[in-house]
>>> print(open('coords08.cif').read())   # mmCIF, C-alpha atoms
data_model
#
loop_
_atom_site.group_PDB
_atom_site.id
_atom_site.type_symbol
_atom_site.label_atom_id
_atom_site.label_comp_id
_atom_site.auth_asym_id
_atom_site.auth_seq_id
_atom_site.Cartn_x
_atom_site.Cartn_y
_atom_site.Cartn_z
ATOM 1 C CA MET E 1 84.584 245.495 6.300
ATOM 2 C CA MET E 2 85.393 242.893 8.888
ATOM 3 C CA ARG E 3 83.602 244.956 11.542
ATOM 4 C CA LEU E 4 80.449 245.045 9.432
ATOM 5 C CA ARG E 5 80.477 241.263 9.279
ATOM 6 C CA ARG E 6 81.265 240.689 12.941
ATOM 7 C CA ARG E 7 78.499 242.849 14.344
ATOM 8 C CA PRO E 8 75.657 240.774 12.858
ATOM 9 C CA LEU E 9 77.459 237.620 13.982
ATOM 10 C CA ILE E 10 77.836 238.875 17.571
ATOM 11 C CA ALA E 11 74.241 240.061 17.566
ATOM 12 C CA SER E 12 73.065 236.665 16.317
ATOM 13 C CA LEU E 13 74.990 234.808 19.001
ATOM 14 C CA THR E 14 73.651 237.104 21.702
ATOM 15 C CA ALA E 15 70.110 236.665 20.431
ATOM 16 C CA ALA E 16 70.521 232.883 20.280
ATOM 17 C CA ALA E 17 71.804 232.774 23.860
ATOM 18 C CA THR E 18 68.957 234.998 25.022
ATOM 19 C CA ILE E 19 66.406 232.779 23.305
ATOM 20 C CA ALA E 20 67.959 229.640 24.828
ATOM 21 C CA ILE E 21 67.898 231.120 28.347
ATOM 22 C CA ALA E 22 64.377 232.413 27.910
ATOM 23 C CA GLY E 23 63.272 229.039 26.588
ATOM 24 C CA ARG E 24 64.731 227.310 29.614
ATOM 25 C CA ALA E 25 62.840 229.668 31.894
ATOM 26 C CA ALA E 26 59.554 229.842 29.980
ATOM 27 C CA ALA E 27 58.896 226.215 29.046
ATOM 28 C CA GLN E 28 56.556 224.499 31.497
ATOM 29 C CA VAL E 29 56.368 220.822 32.291
ATOM 30 C CA SER E 30 54.542 218.914 34.995
ATOM 31 C CA VAL E 31 56.268 216.104 36.856
ATOM 32 C CA ALA E 32 54.698 213.707 39.355
ATOM 33 C CA ASP E 33 56.236 213.799 42.805
ATOM 34 C CA HIS E 34 56.459 210.936 45.317
ATOM 35 C CA ALA E 35 52.791 211.351 46.255
ATOM 36 C CA GLY E 36 51.523 211.511 42.685
ATOM 37 C CA ARG E 37 51.005 215.280 42.749
ATOM 38 C CA MET E 38 51.838 217.071 39.508
ATOM 39 C CA ILE E 39 54.470 219.734 40.111
ATOM 40 C CA ALA E 40 54.505 222.566 37.555
ATOM 41 C CA ILE E 41 58.062 223.508 36.594
ATOM 42 C CA ARG E 42 58.602 226.696 34.613
ATOM 43 C CA ASP E 43 62.207 227.703 35.257
ATOM 44 C CA THR E 44 65.176 225.382 35.671
ATOM 45 C CA SER E 45 67.891 228.015 35.491
ATOM 46 C CA ARG E 46 68.681 227.994 39.249
ATOM 47 C CA ILE E 47 68.393 224.537 40.833
ATOM 48 C CA ILE E 48 69.128 223.394 44.357
ATOM 49 C CA ALA E 49 69.678 219.661 44.807
ATOM 50 C CA ILE E 50 68.926 218.132 48.198
ATOM 51 C CA GLY E 51 70.307 214.597 48.360
ATOM 52 C CA GLY E 52 73.486 213.112 46.959
ATOM 53 C CA SER E 53 71.616 210.953 44.450
ATOM 54 C CA VAL E 54 69.768 213.983 43.081
ATOM 55 C CA SER E 55 72.923 215.976 42.430
ATOM 56 C CA GLU E 56 74.592 212.918 40.863
ATOM 57 C CA ILE E 57 71.668 212.484 38.495
ATOM 58 C CA ILE E 58 71.691 216.146 37.490
ATOM 59 C CA TYR E 59 75.389 215.960 36.636
ATOM 60 C CA ALA E 60 74.928 212.617 34.859
ATOM 61 C CA LEU E 61 72.301 214.282 32.660
ATOM 62 C CA ASP E 62 74.781 217.058 31.811
ATOM 63 C CA ALA E 63 72.782 219.747 33.613
ATOM 64 C CA GLY E 64 75.208 220.541 36.412
ATOM 65 C CA ASP E 65 75.635 224.090 35.148
ATOM 66 C CA ARG E 66 72.131 224.875 36.417
ATOM 67 C CA LEU E 67 72.930 224.002 40.034
ATOM 68 C CA VAL E 68 73.333 226.942 42.395
ATOM 69 C CA GLY E 69 73.422 224.957 45.648
ATOM 70 C CA ALA E 70 73.261 221.524 47.216
ATOM 71 C CA ASP E 71 73.136 219.802 50.599
ATOM 72 C CA THR E 72 76.167 218.373 52.392
ATOM 73 C CA THR E 73 75.589 214.818 51.098
ATOM 74 C CA SER E 74 76.172 216.002 47.527
ATOM 75 C CA LEU E 75 79.781 214.884 47.190
ATOM 76 C CA TYR E 76 79.958 213.420 43.676
ATOM 77 C CA PRO E 77 81.131 214.342 41.146
ATOM 78 C CA GLU E 78 83.895 216.582 42.464
ATOM 79 C CA ALA E 79 82.202 219.654 41.005
ATOM 80 C CA ALA E 80 79.319 219.123 43.430
ATOM 81 C CA THR E 81 81.629 219.757 46.383
ATOM 82 C CA ARG E 82 82.206 223.333 45.191
ATOM 83 C CA LEU E 83 78.519 224.290 45.295
ATOM 84 C CA PRO E 84 77.167 226.552 48.063
ATOM 85 C CA ARG E 85 75.795 224.378 50.886
ATOM 86 C CA VAL E 86 72.257 224.479 52.273
ATOM 87 C CA GLY E 87 72.882 222.134 55.219
ATOM 88 C CA TYR E 88 72.371 218.448 55.914
ATOM 89 C CA MET E 89 69.529 216.895 53.943
ATOM 90 C CA ARG E 90 67.559 215.807 57.028
ATOM 91 C CA GLN E 91 67.926 219.203 58.706
ATOM 92 C CA ILE E 92 67.219 221.647 55.911
ATOM 93 C CA SER E 93 66.566 225.300 56.721
ATOM 94 C CA ALA E 94 64.120 226.985 54.350
ATOM 95 C CA GLU E 95 65.796 230.340 54.900
ATOM 96 C CA GLY E 96 69.185 229.020 53.822
ATOM 97 C CA VAL E 97 67.725 227.476 50.680
ATOM 98 C CA LEU E 98 65.749 230.572 49.714
ATOM 99 C CA SER E 99 68.801 232.815 50.192
ATOM 100 C CA LEU E 100 70.241 231.283 47.001
ATOM 101 C CA ARG E 101 67.179 232.401 45.003
ATOM 102 C CA PRO E 102 66.341 228.980 43.492
ATOM 103 C CA THR E 103 63.792 228.591 40.727
ATOM 104 C CA LEU E 104 63.558 224.829 41.329
ATOM 105 C CA ILE E 105 64.321 222.527 44.262
ATOM 106 C CA ILE E 106 64.707 218.791 43.665
ATOM 107 C CA SER E 107 64.875 216.422 46.622
ATOM 108 C CA THR E 108 63.849 212.970 47.804
ATOM 109 C CA THR E 109 61.673 211.634 50.582
ATOM 110 C CA ALA E 110 64.811 211.024 52.641
ATOM 111 C CA ALA E 111 65.131 214.784 53.233
ATOM 112 C CA GLY E 112 63.431 216.918 55.849
ATOM 113 C CA PRO E 113 62.017 218.293 57.993
ATOM 114 C CA ALA E 114 58.573 218.437 56.396
ATOM 115 C CA ALA E 115 57.956 221.922 57.805
ATOM 116 C CA ALA E 116 60.924 223.300 55.883
ATOM 117 C CA PHE E 117 59.580 221.927 52.623
ATOM 118 C CA ASP E 118 56.162 223.403 53.378
ATOM 119 C CA GLN E 119 57.885 226.775 53.765
ATOM 120 C CA LEU E 120 59.647 226.367 50.426
ATOM 121 C CA ARG E 121 56.370 225.605 48.675
ATOM 122 C CA SER E 122 54.670 228.515 50.421
ATOM 123 C CA ALA E 123 57.420 230.789 49.102
ATOM 124 C CA GLY E 124 56.339 229.867 45.583
ATOM 125 C CA VAL E 125 59.412 227.845 44.601
ATOM 126 C CA ALA E 126 58.712 224.737 42.525
ATOM 127 C CA THR E 127 59.683 221.851 44.815
ATOM 128 C CA LEU E 128 59.900 218.357 43.372
ATOM 129 C CA VAL E 129 60.290 215.561 45.934
ATOM 130 C CA LEU E 130 60.961 212.104 44.462
ATOM 131 C CA ALA E 131 60.585 208.737 46.196
ATOM 132 C CA ASP E 132 63.653 207.072 47.711
ATOM 133 C CA ASP E 133 62.735 203.397 48.125
ATOM 134 C CA TYR E 134 66.193 201.766 48.125
ATOM 135 C CA ASP E 135 65.759 199.568 45.089
ATOM 136 C CA ILE E 136 66.782 199.838 41.439
ATOM 137 C CA ASP E 137 63.289 200.836 40.313
ATOM 138 C CA SER E 138 63.481 203.826 42.637
ATOM 139 C CA VAL E 139 66.809 204.848 41.082
ATOM 140 C CA LEU E 140 65.380 204.636 37.580
ATOM 141 C CA ARG E 141 62.255 206.593 38.539
ATOM 142 C CA LYS E 142 64.427 209.340 40.027
ATOM 143 C CA ILE E 143 66.416 209.563 36.813
ATOM 144 C CA GLU E 144 63.199 209.698 34.803
ATOM 145 C CA GLY E 145 61.694 212.406 37.016
ATOM 146 C CA VAL E 146 64.780 214.606 36.983
ATOM 147 C CA GLY E 147 65.169 214.132 33.241
ATOM 148 C CA ARG E 148 61.610 215.271 32.581
ATOM 149 C CA ALA E 149 61.885 218.210 34.962
ATOM 150 C CA LEU E 150 65.032 219.479 33.243
ATOM 151 C CA GLY E 151 64.027 218.759 29.670
ATOM 152 C CA ARG E 152 66.692 216.056 29.431
ATOM 153 C CA GLU E 153 64.388 213.149 28.591
ATOM 154 C CA ASP E 154 66.618 211.632 25.903
ATOM 155 C CA ALA E 155 69.653 211.610 28.175
ATOM 156 C CA ALA E 156 67.536 210.159 30.977
ATOM 157 C CA ARG E 157 66.231 207.357 28.765
ATOM 158 C CA ALA E 158 69.766 206.454 27.707
ATOM 159 C CA LEU E 159 70.992 206.435 31.303
ATOM 160 C CA ILE E 160 68.023 204.351 32.447
ATOM 161 C CA ALA E 161 68.589 201.790 29.692
ATOM 162 C CA ALA E 162 72.269 201.470 30.589
ATOM 163 C CA ARG E 163 71.678 201.063 34.330
ATOM 164 C CA ARG E 164 68.798 198.633 33.825
ATOM 165 C CA ALA E 165 71.011 196.490 31.586
ATOM 166 C CA GLU E 166 73.793 196.476 34.205
ATOM 167 C CA ILE E 167 71.475 195.299 36.971
ATOM 168 C CA ALA E 168 69.841 192.713 34.719
ATOM 169 C CA THR E 169 73.243 191.273 33.836
ATOM 170 C CA LEU E 170 74.253 191.106 37.491
ATOM 171 C CA GLY E 171 70.935 189.566 38.450
ATOM 172 C CA GLY E 172 71.366 186.881 35.820
ATOM 173 C CA LYS E 173 74.792 185.953 37.160
ATOM 174 C CA LEU E 174 73.575 185.908 40.763
ATOM 175 C CA ALA E 175 70.646 183.669 39.857
ATOM 176 C CA ALA E 176 73.149 180.954 38.970
ATOM 177 C CA ILE E 177 74.791 181.243 42.395
ATOM 178 C CA GLY E 178 72.837 179.526 45.154
ATOM 179 C CA GLU E 179 74.674 180.959 48.154
ATOM 180 C CA ARG E 180 73.263 184.040 49.883
ATOM 181 C CA PRO E 181 75.745 185.246 52.548
ATOM 182 C CA LYS E 182 74.372 186.947 55.656
ATOM 183 C CA VAL E 183 75.590 190.566 55.902
ATOM 184 C CA LEU E 184 75.556 192.819 58.951
ATOM 185 C CA SER E 185 75.718 196.510 58.025
ATOM 186 C CA LEU E 186 76.900 198.932 60.704
ATOM 187 C CA LEU E 187 76.699 202.697 61.160
ATOM 188 C CA SER E 188 78.178 205.080 63.749
ATOM 189 C CA VAL E 189 80.477 202.421 65.137
ATOM 190 C CA SER E 190 82.699 204.875 67.013
ATOM 191 C CA GLN E 191 79.892 206.644 68.911
ATOM 192 C CA GLY E 192 78.546 204.261 71.534
ATOM 193 C CA PRO E 193 77.017 200.914 70.556
ATOM 194 C CA PRO E 194 77.139 200.318 66.783
ATOM 195 C CA GLN E 195 73.935 201.050 64.876
ATOM 196 C CA ALA E 196 72.890 198.049 62.781
ATOM 197 C CA ALA E 197 70.777 198.359 59.631
ATOM 198 C CA GLY E 198 67.459 196.571 59.526
ATOM 199 C CA ARG E 199 64.811 196.421 56.833
ATOM 200 C CA VAL E 200 63.792 199.417 54.681
ATOM 201 C CA THR E 201 67.272 200.950 54.694
ATOM 202 C CA ALA E 202 69.742 201.727 51.936
ATOM 203 C CA ALA E 203 72.031 199.062 53.398
ATOM 204 C CA ASP E 204 69.295 196.443 53.180
ATOM 205 C CA GLY E 205 68.610 197.425 49.581
ATOM 206 C CA ILE E 206 72.192 197.208 48.354
ATOM 207 C CA ILE E 207 72.749 193.886 50.153
ATOM 208 C CA ARG E 208 69.781 192.378 48.317
ATOM 209 C CA LEU E 209 70.931 193.759 44.963
ATOM 210 C CA ALA E 210 74.342 192.161 45.534
ATOM 211 C CA GLY E 211 73.003 188.698 46.230
ATOM 212 C CA GLY E 212 73.215 188.711 50.008
ATOM 213 C CA VAL E 213 70.682 188.718 52.826
ATOM 214 C CA ASN E 214 70.488 191.242 55.612
ATOM 215 C CA ALA E 215 71.459 189.685 58.938
ATOM 216 C CA ILE E 216 68.682 191.732 60.572
ATOM 217 C CA THR E 217 65.064 191.224 59.525
ATOM 218 C CA SER E 218 63.268 191.881 62.818
ATOM 219 C CA TYR E 219 63.007 195.685 62.547
ATOM 220 C CA GLU E 220 63.098 198.630 60.168
ATOM 221 C CA GLY E 221 65.703 201.376 60.208
ATOM 222 C CA TYR E 222 68.771 201.461 62.456
ATOM 223 C CA ARG E 223 69.066 200.341 66.071
ATOM 224 C CA PRO E 224 71.962 199.800 68.494
ATOM 225 C CA ILE E 225 73.353 196.285 68.571
ATOM 226 C CA THR E 226 74.927 194.605 71.588
ATOM 227 C CA ALA E 227 77.755 192.097 71.677
ATOM 228 C CA GLU E 228 75.252 189.348 72.410
ATOM 229 C CA GLY E 229 73.110 190.449 69.509
ATOM 230 C CA ALA E 230 76.014 190.458 67.066
ATOM 231 C CA LEU E 231 77.082 186.972 68.162
ATOM 232 C CA ALA E 232 73.550 185.637 67.840
ATOM 233 C CA LEU E 233 73.243 186.969 64.293
ATOM 234 C CA ALA E 234 76.440 185.145 63.214
ATOM 235 C CA PRO E 235 77.001 187.265 60.082
ATOM 236 C CA ASP E 236 79.138 185.943 57.242
ATOM 237 C CA ALA E 237 80.304 189.450 56.345
ATOM 238 C CA LEU E 238 80.359 192.962 57.797
ATOM 239 C CA MET E 239 79.623 196.071 55.741
ATOM 240 C CA VAL E 240 80.531 199.669 56.610
ATOM 241 C CA ALA E 241 81.189 202.914 54.789
ATOM 242 C CA ALA E 242 84.840 203.447 53.901
ATOM 243 C CA GLN E 243 84.780 206.667 55.905
ATOM 244 C CA THR E 244 83.690 204.736 59.009
ATOM 245 C CA LEU E 245 86.437 202.150 58.599
ATOM 246 C CA GLU E 246 89.058 204.856 58.139
ATOM 247 C CA ALA E 247 87.881 206.694 61.263
ATOM 248 C CA LEU E 248 88.233 203.464 63.251
ATOM 249 C CA GLY E 249 91.777 202.922 62.047
ATOM 250 C CA GLY E 250 90.989 199.960 59.826
ATOM 251 C CA VAL E 251 89.579 196.454 60.240
ATOM 252 C CA ASP E 252 91.091 195.880 63.684
ATOM 253 C CA GLY E 253 89.370 198.984 65.016
ATOM 254 C CA LEU E 254 86.019 197.799 63.668
ATOM 255 C CA LEU E 255 86.358 194.282 65.038
ATOM 256 C CA GLY E 256 87.019 195.651 68.499
ATOM 257 C CA ALA E 257 83.406 196.886 68.749
ATOM 258 C CA ALA E 258 80.487 194.810 70.071
ATOM 259 C CA ALA E 259 82.447 191.524 70.020
ATOM 260 C CA LEU E 260 82.449 191.612 66.227
ATOM 261 C CA ALA E 261 85.809 189.810 66.200
ATOM 262 C CA LEU E 262 84.063 186.711 67.557
ATOM 263 C CA THR E 263 81.477 186.490 64.783
ATOM 264 C CA PRO E 264 82.091 184.298 61.713
ATOM 265 C CA ALA E 265 82.682 187.495 59.712
ATOM 266 C CA GLY E 266 85.141 188.800 62.302
ATOM 267 C CA LYS E 267 87.080 185.554 62.532
ATOM 268 C CA ALA E 268 87.443 185.504 58.750
ATOM 269 C CA ARG E 269 88.064 189.286 58.662
ATOM 270 C CA ARG E 270 85.415 189.594 55.982
ATOM 271 C CA VAL E 271 84.775 193.336 55.997
ATOM 272 C CA PHE E 272 83.458 195.206 52.983
ATOM 273 C CA ALA E 273 83.946 198.974 52.893
ATOM 274 C CA LEU E 274 83.037 201.430 50.160
ATOM 275 C CA ASP E 275 82.496 205.188 49.883
ATOM 276 C CA ALA E 276 79.256 206.003 51.704
ATOM 277 C CA LEU E 277 77.549 207.811 48.832
ATOM 278 C CA LEU E 278 78.506 205.162 46.301
ATOM 279 C CA LEU E 279 77.437 202.322 48.590
ATOM 280 C CA LEU E 280 74.219 203.768 50.025
ATOM 281 C CA GLY E 281 73.289 206.696 47.797
ATOM 282 C CA PHE E 282 70.981 204.850 45.395
ATOM 283 C CA GLY E 283 71.892 207.054 42.472
ATOM 284 C CA PRO E 284 73.329 206.455 38.989
ATOM 285 C CA ARG E 285 76.324 204.509 40.374
ATOM 286 C CA THR E 286 74.252 201.985 42.349
ATOM 287 C CA PRO E 287 74.812 199.172 39.800
ATOM 288 C CA GLU E 288 78.564 199.673 40.269
ATOM 289 C CA ALA E 289 78.199 199.442 44.052
ATOM 290 C CA ALA E 290 76.072 196.308 43.714
ATOM 291 C CA ARG E 291 78.662 194.667 41.457
ATOM 292 C CA ARG E 292 81.514 195.437 43.823
ATOM 293 C CA LEU E 293 79.650 194.123 46.869
ATOM 294 C CA ALA E 294 78.489 191.077 44.917
ATOM 295 C CA ASP E 295 82.064 190.329 43.888
ATOM 296 C CA PHE E 296 83.108 190.509 47.551
ATOM 297 C CA LEU E 297 80.283 188.226 48.694
ATOM 298 C CA HIS E 298 80.685 185.781 45.805
ATOM 299 C CA PRO E 299 84.397 185.759 44.872
ATOM 300 C CA GLY E 300 85.576 183.918 41.794
ATOM 301 C CA HIS E 301 82.581 184.699 39.579
ATOM 302 C CA GLY E 302 83.868 187.894 37.969
ATOM 303 C CA LEU E 303 80.897 189.913 39.232
ATOM 304 C CA ALA E 304 82.765 193.214 39.512
ATOM 305 C CA GLN E 305 83.083 193.534 35.755
ATOM 306 C CA ALA E 306 80.684 195.901 34.013
ATOM 307 C CA PRO E 307 78.715 194.400 31.096
#
>>> encode(input="coords08.cif", output="structure tokens")
Amino acid sequence: MMRLRRRPLIASLTAAATIAIAGRAAAQVSVADHAGRMIAIRDTSRIIAIGGSVSEIIYALDAGDRLVGADTTSLYPEAATRLPRVGYMRQISAEGVLSLRPTLIISTTAAGPAAAFDQLRSAGVATLVLADDYDIDSVLRKIEGVGRALGREDAARALIAARRAEIATLGGKLAAIGERPKVLSLLSVSQGPPQAAGRVTAADGIIRLAGGVNAITSYEGYRPITAEGALALAPDALMVAAQTLEALGGVDGLLGAAALALTPAGKARRVFALDALLLLGFGPRTPEAARRLADFLHPGHGLAQAP
């Protein structure tokens, strides 16, 4: 008698699972990409994320089980590190991506090369590329786009509301603080002259969100900086990824490059270091990174606390 009851139950569960999977594959939505083109998405069962912020968003929307691969910058949460790798986001190989049989690729404009993405589109794989503009609006638009693509609109709206409230609270506190410290952000310090971040970079964006000003405003992107250049900038604080600081052996190793020890920041040993993806990823944790940098730049105001 028990067997007679269990068979319909098992059959019902199997049918329900089949319907759910089929629904995930059959439902079609259209999502605008970075250029305003509407990308038709029919199957989200096998996703490849290219860009650490993209994979973070997918996990934050509780859709990580659909990921079948990611690029090497996808390091958070820990589950992302166990995904098959498709290479570095700026040097993607179409062949490597296609070998994982994706039904959907989600990336940002920070990825490349363009030819590889053309190949992916030519292969018939839905490829959604979202804008990466290094500000909070860009973060929220990425969350919105991914949420719509994956049918997780409600979760996306909740996440957007929470992150917008965090940044608004921080912005309100910073508005009451008149000081805007000058921050010099450095990359690749151990390989020749340090690369310093100018305008239109993730470093520039997070510095502004945290109530600082970028020490470099004369160029976009990253360029080598000389000892004379660092001294002339007279930064109040230095900012590097935690991985960079660790590779240099700590603060003393950093200050030994490009006469940084002689700058106001070097003399005061004002060095801010944070995990690279958290600091510069412009994903769901960007408000946290902004609060932590803001608290470093403006001590005594309790800025690190979440609202």
>>> residues_near_point(input="coords08.cif", point="(72.3, 218.9, 36.5)", cutoff="10 Å", atoms="all atoms listed in the file", output="count of residues only")
23
>>> residues_around(input="coords08.cif", residues="Ile206 (chain E)", least_positions_apart="3", cutoff="8 Å", atoms="only C-alpha atoms", output="compact mmCIF listing (two decimals) with C-alpha atoms, in the frame of the given file")
# COMPACT_ATOMS: atom_id res chain seq x y z
CA TYR E 134 66.19 201.77 48.12
CA ASP E 135 65.76 199.57 45.09
CA ALA E 202 69.74 201.73 51.94
CA ALA E 203 72.03 199.06 53.40
CA LEU E 209 70.93 193.76 44.96
CA ALA E 210 74.34 192.16 45.53
CA LEU E 279 77.44 202.32 48.59
CA LEU E 280 74.22 203.77 50.02
CA THR E 286 74.25 201.98 42.35
CA ALA E 289 78.20 199.44 44.05
CA ALA E 290 76.07 196.31 43.71
>>> resolve_selection(input="coords08.cif", expression="the PyMOL selection byres ((chain E and resi 291) around 10)", output="PDB file with C-alpha atoms, in the frame of the given file")
ATOM      1  CA  GLU E 166      73.793 196.476  34.205  1.00  0.00           C
ATOM      2  CA  ILE E 167      71.475 195.299  36.971  1.00  0.00           C
ATOM      3  CA  THR E 169      73.243 191.273  33.836  1.00  0.00           C
ATOM      4  CA  LEU E 170      74.253 191.106  37.491  1.00  0.00           C
ATOM      5  CA  GLY E 171      70.935 189.566  38.450  1.00  0.00           C
ATOM      6  CA  ILE E 206      72.192 197.208  48.354  1.00  0.00           C
ATOM      7  CA  LEU E 209      70.931 193.759  44.963  1.00  0.00           C
ATOM      8  CA  ALA E 210      74.342 192.161  45.534  1.00  0.00           C
ATOM      9  CA  GLY E 211      73.003 188.698  46.230  1.00  0.00           C
ATOM     10  CA  THR E 286      74.252 201.985  42.349  1.00  0.00           C
ATOM     11  CA  PRO E 287      74.812 199.172  39.800  1.00  0.00           C
ATOM     12  CA  GLU E 288      78.564 199.673  40.269  1.00  0.00           C
ATOM     13  CA  ALA E 289      78.199 199.442  44.052  1.00  0.00           C
ATOM     14  CA  ALA E 290      76.072 196.308  43.714  1.00  0.00           C
ATOM     15  CA  ARG E 292      81.514 195.437  43.823  1.00  0.00           C
ATOM     16  CA  LEU E 293      79.650 194.123  46.869  1.00  0.00           C
ATOM     17  CA  ALA E 294      78.489 191.077  44.917  1.00  0.00           C
ATOM     18  CA  ASP E 295      82.064 190.329  43.888  1.00  0.00           C
ATOM     19  CA  PHE E 296      83.108 190.509  47.551  1.00  0.00           C
ATOM     20  CA  LEU E 297      80.283 188.226  48.694  1.00  0.00           C
ATOM     21  CA  GLY E 302      83.868 187.894  37.969  1.00  0.00           C
ATOM     22  CA  LEU E 303      80.897 189.913  39.232  1.00  0.00           C
ATOM     23  CA  ALA E 304      82.765 193.214  39.512  1.00  0.00           C
ATOM     24  CA  GLN E 305      83.083 193.534  35.755  1.00  0.00           C
ATOM     25  CA  ALA E 306      80.684 195.901  34.013  1.00  0.00           C
TER      26      ALA E 306
END
>>> closest_residue(input="coords08.cif", among="E:Thr217, E:Ser138, E:Ser93, E:Thr127", to="Gly281 (chain E)", atoms="all atoms listed in the file")
E:Ser138
>>> atom_distance(input="coords08.cif", atom1="CA of Tyr76 (chain E)", atom2="CA of Pro299 (chain E)")
28.0 Å
>>> resolve_selection(input="coords08.cif", expression="the PyMOL selection byres ((chain E and resi 41-43) around 12)", output="PyMOL selection string")
chain E and resi 21-33+38-40+44-47+66+101-106+124-128+145-146+148-151
>>> atom_distance(input="coords08.cif", atom1="CA of Asp132 (chain E)", atom2="CA of Thr109 (chain E)")
5.7 Å
>>> residues_around(input="coords08.cif", residues="Ala123 (chain E)", least_positions_apart="6", cutoff="10 Å", atoms="all atoms listed in the file", output="CSV table (one decimal) with C-alpha atoms, in the frame of the given file")
chain,number,residue,atom,x,y,z
E,94,ALA,CA,64.1,227.0,54.4
E,98,LEU,CA,65.7,230.6,49.7
E,117,PHE,CA,59.6,221.9,52.6
>>> closest_atom_pairs(input="coords08.cif", of="region 67-186 of chain E", to="region 231-236 of chain E", cutoff="9 Å", atoms="all atoms listed in the file", output="JSON lines")
{"residue": "E:Pro181", "atom": "CA", "partner": "E:Asp236", "partner_atom": "CA", "distance": 5.8}
{"residue": "E:Lys182", "atom": "CA", "partner": "E:Asp236", "partner_atom": "CA", "distance": 5.1}
{"residue": "E:Val183", "atom": "CA", "partner": "E:Pro235", "partner_atom": "CA", "distance": 5.5}
{"residue": "E:Leu184", "atom": "CA", "partner": "E:Pro235", "partner_atom": "CA", "distance": 5.8}
>>> write_last_selection(input="coords08.cif", atoms="C-alpha atoms", output="mmCIF file, keeping the file's coordinate frame")
data_model
loop_
_atom_site.group_PDB
_atom_site.id
_atom_site.type_symbol
_atom_site.label_atom_id
_atom_site.label_comp_id
_atom_site.auth_asym_id
_atom_site.auth_seq_id
_atom_site.Cartn_x
_atom_site.Cartn_y
_atom_site.Cartn_z
ATOM 1 C CA PRO E 181 75.745 185.246 52.548
ATOM 2 C CA LYS E 182 74.372 186.947 55.656
ATOM 3 C CA VAL E 183 75.590 190.566 55.902
ATOM 4 C CA LEU E 184 75.556 192.819 58.951
#
>>> closest_residue(input="coords08.cif", among="E:Ala110, E:Leu140, E:Leu238, E:Arg208", to="Ala162 (chain E)", atoms="only C-alpha atoms")
E:Leu140
>>> residues_around(input="coords08.cif", residues="Met239 (chain E)", least_positions_apart="2", cutoff="8 Å", atoms="all atoms listed in the file", output="list in words")
Val183, Leu184, Ser185, Leu186, Ala237, Ala241, Val271, Phe272 and Ala273 of chain E
>>> resolve_selection(input="coords08.cif", expression="the PyMOL selection byres ((chain E and resi 199) around 7)", output="list of chain:residue names")
E:Ala197, E:Gly198, E:Val200, E:Thr201, E:Asp204, E:Thr217, E:Tyr219, E:Glu220, E:Gly221
>>> write_last_selection(input="coords08.cif", atoms="C-alpha atoms", output="PDB file, keeping the file's coordinate frame")
ATOM      1  CA  ALA E 197      70.777 198.359  59.631  1.00  0.00           C
ATOM      2  CA  GLY E 198      67.459 196.571  59.526  1.00  0.00           C
ATOM      3  CA  VAL E 200      63.792 199.417  54.681  1.00  0.00           C
ATOM      4  CA  THR E 201      67.272 200.950  54.694  1.00  0.00           C
ATOM      5  CA  ASP E 204      69.295 196.443  53.180  1.00  0.00           C
ATOM      6  CA  THR E 217      65.064 191.224  59.525  1.00  0.00           C
ATOM      7  CA  TYR E 219      63.007 195.685  62.547  1.00  0.00           C
ATOM      8  CA  GLU E 220      63.098 198.630  60.168  1.00  0.00           C
ATOM      9  CA  GLY E 221      65.703 201.376  60.208  1.00  0.00           C
TER      10      GLY E 221
END
>>> closest_residue(input="coords08.cif", among="E:Gly300, E:Gly283, E:Gly249, E:Gly229", to="Leu262 (chain E)", atoms="all atoms listed in the file")
E:Gly229
>>> axis_aligned_box(input="coords08.cif", around="region 137-144 of chain E", padding_each_side="5 Å", output="JSON")
{"center_x": 64.5, "center_y": 205.3, "center_z": 38.7, "size_x": 14.6, "size_y": 18.9, "size_z": 17.8}
>>> atom_distance(input="coords08.cif", atom1="CA of Leu248 (chain E)", atom2="CA of Gly52 (chain E)")
24.0 Å
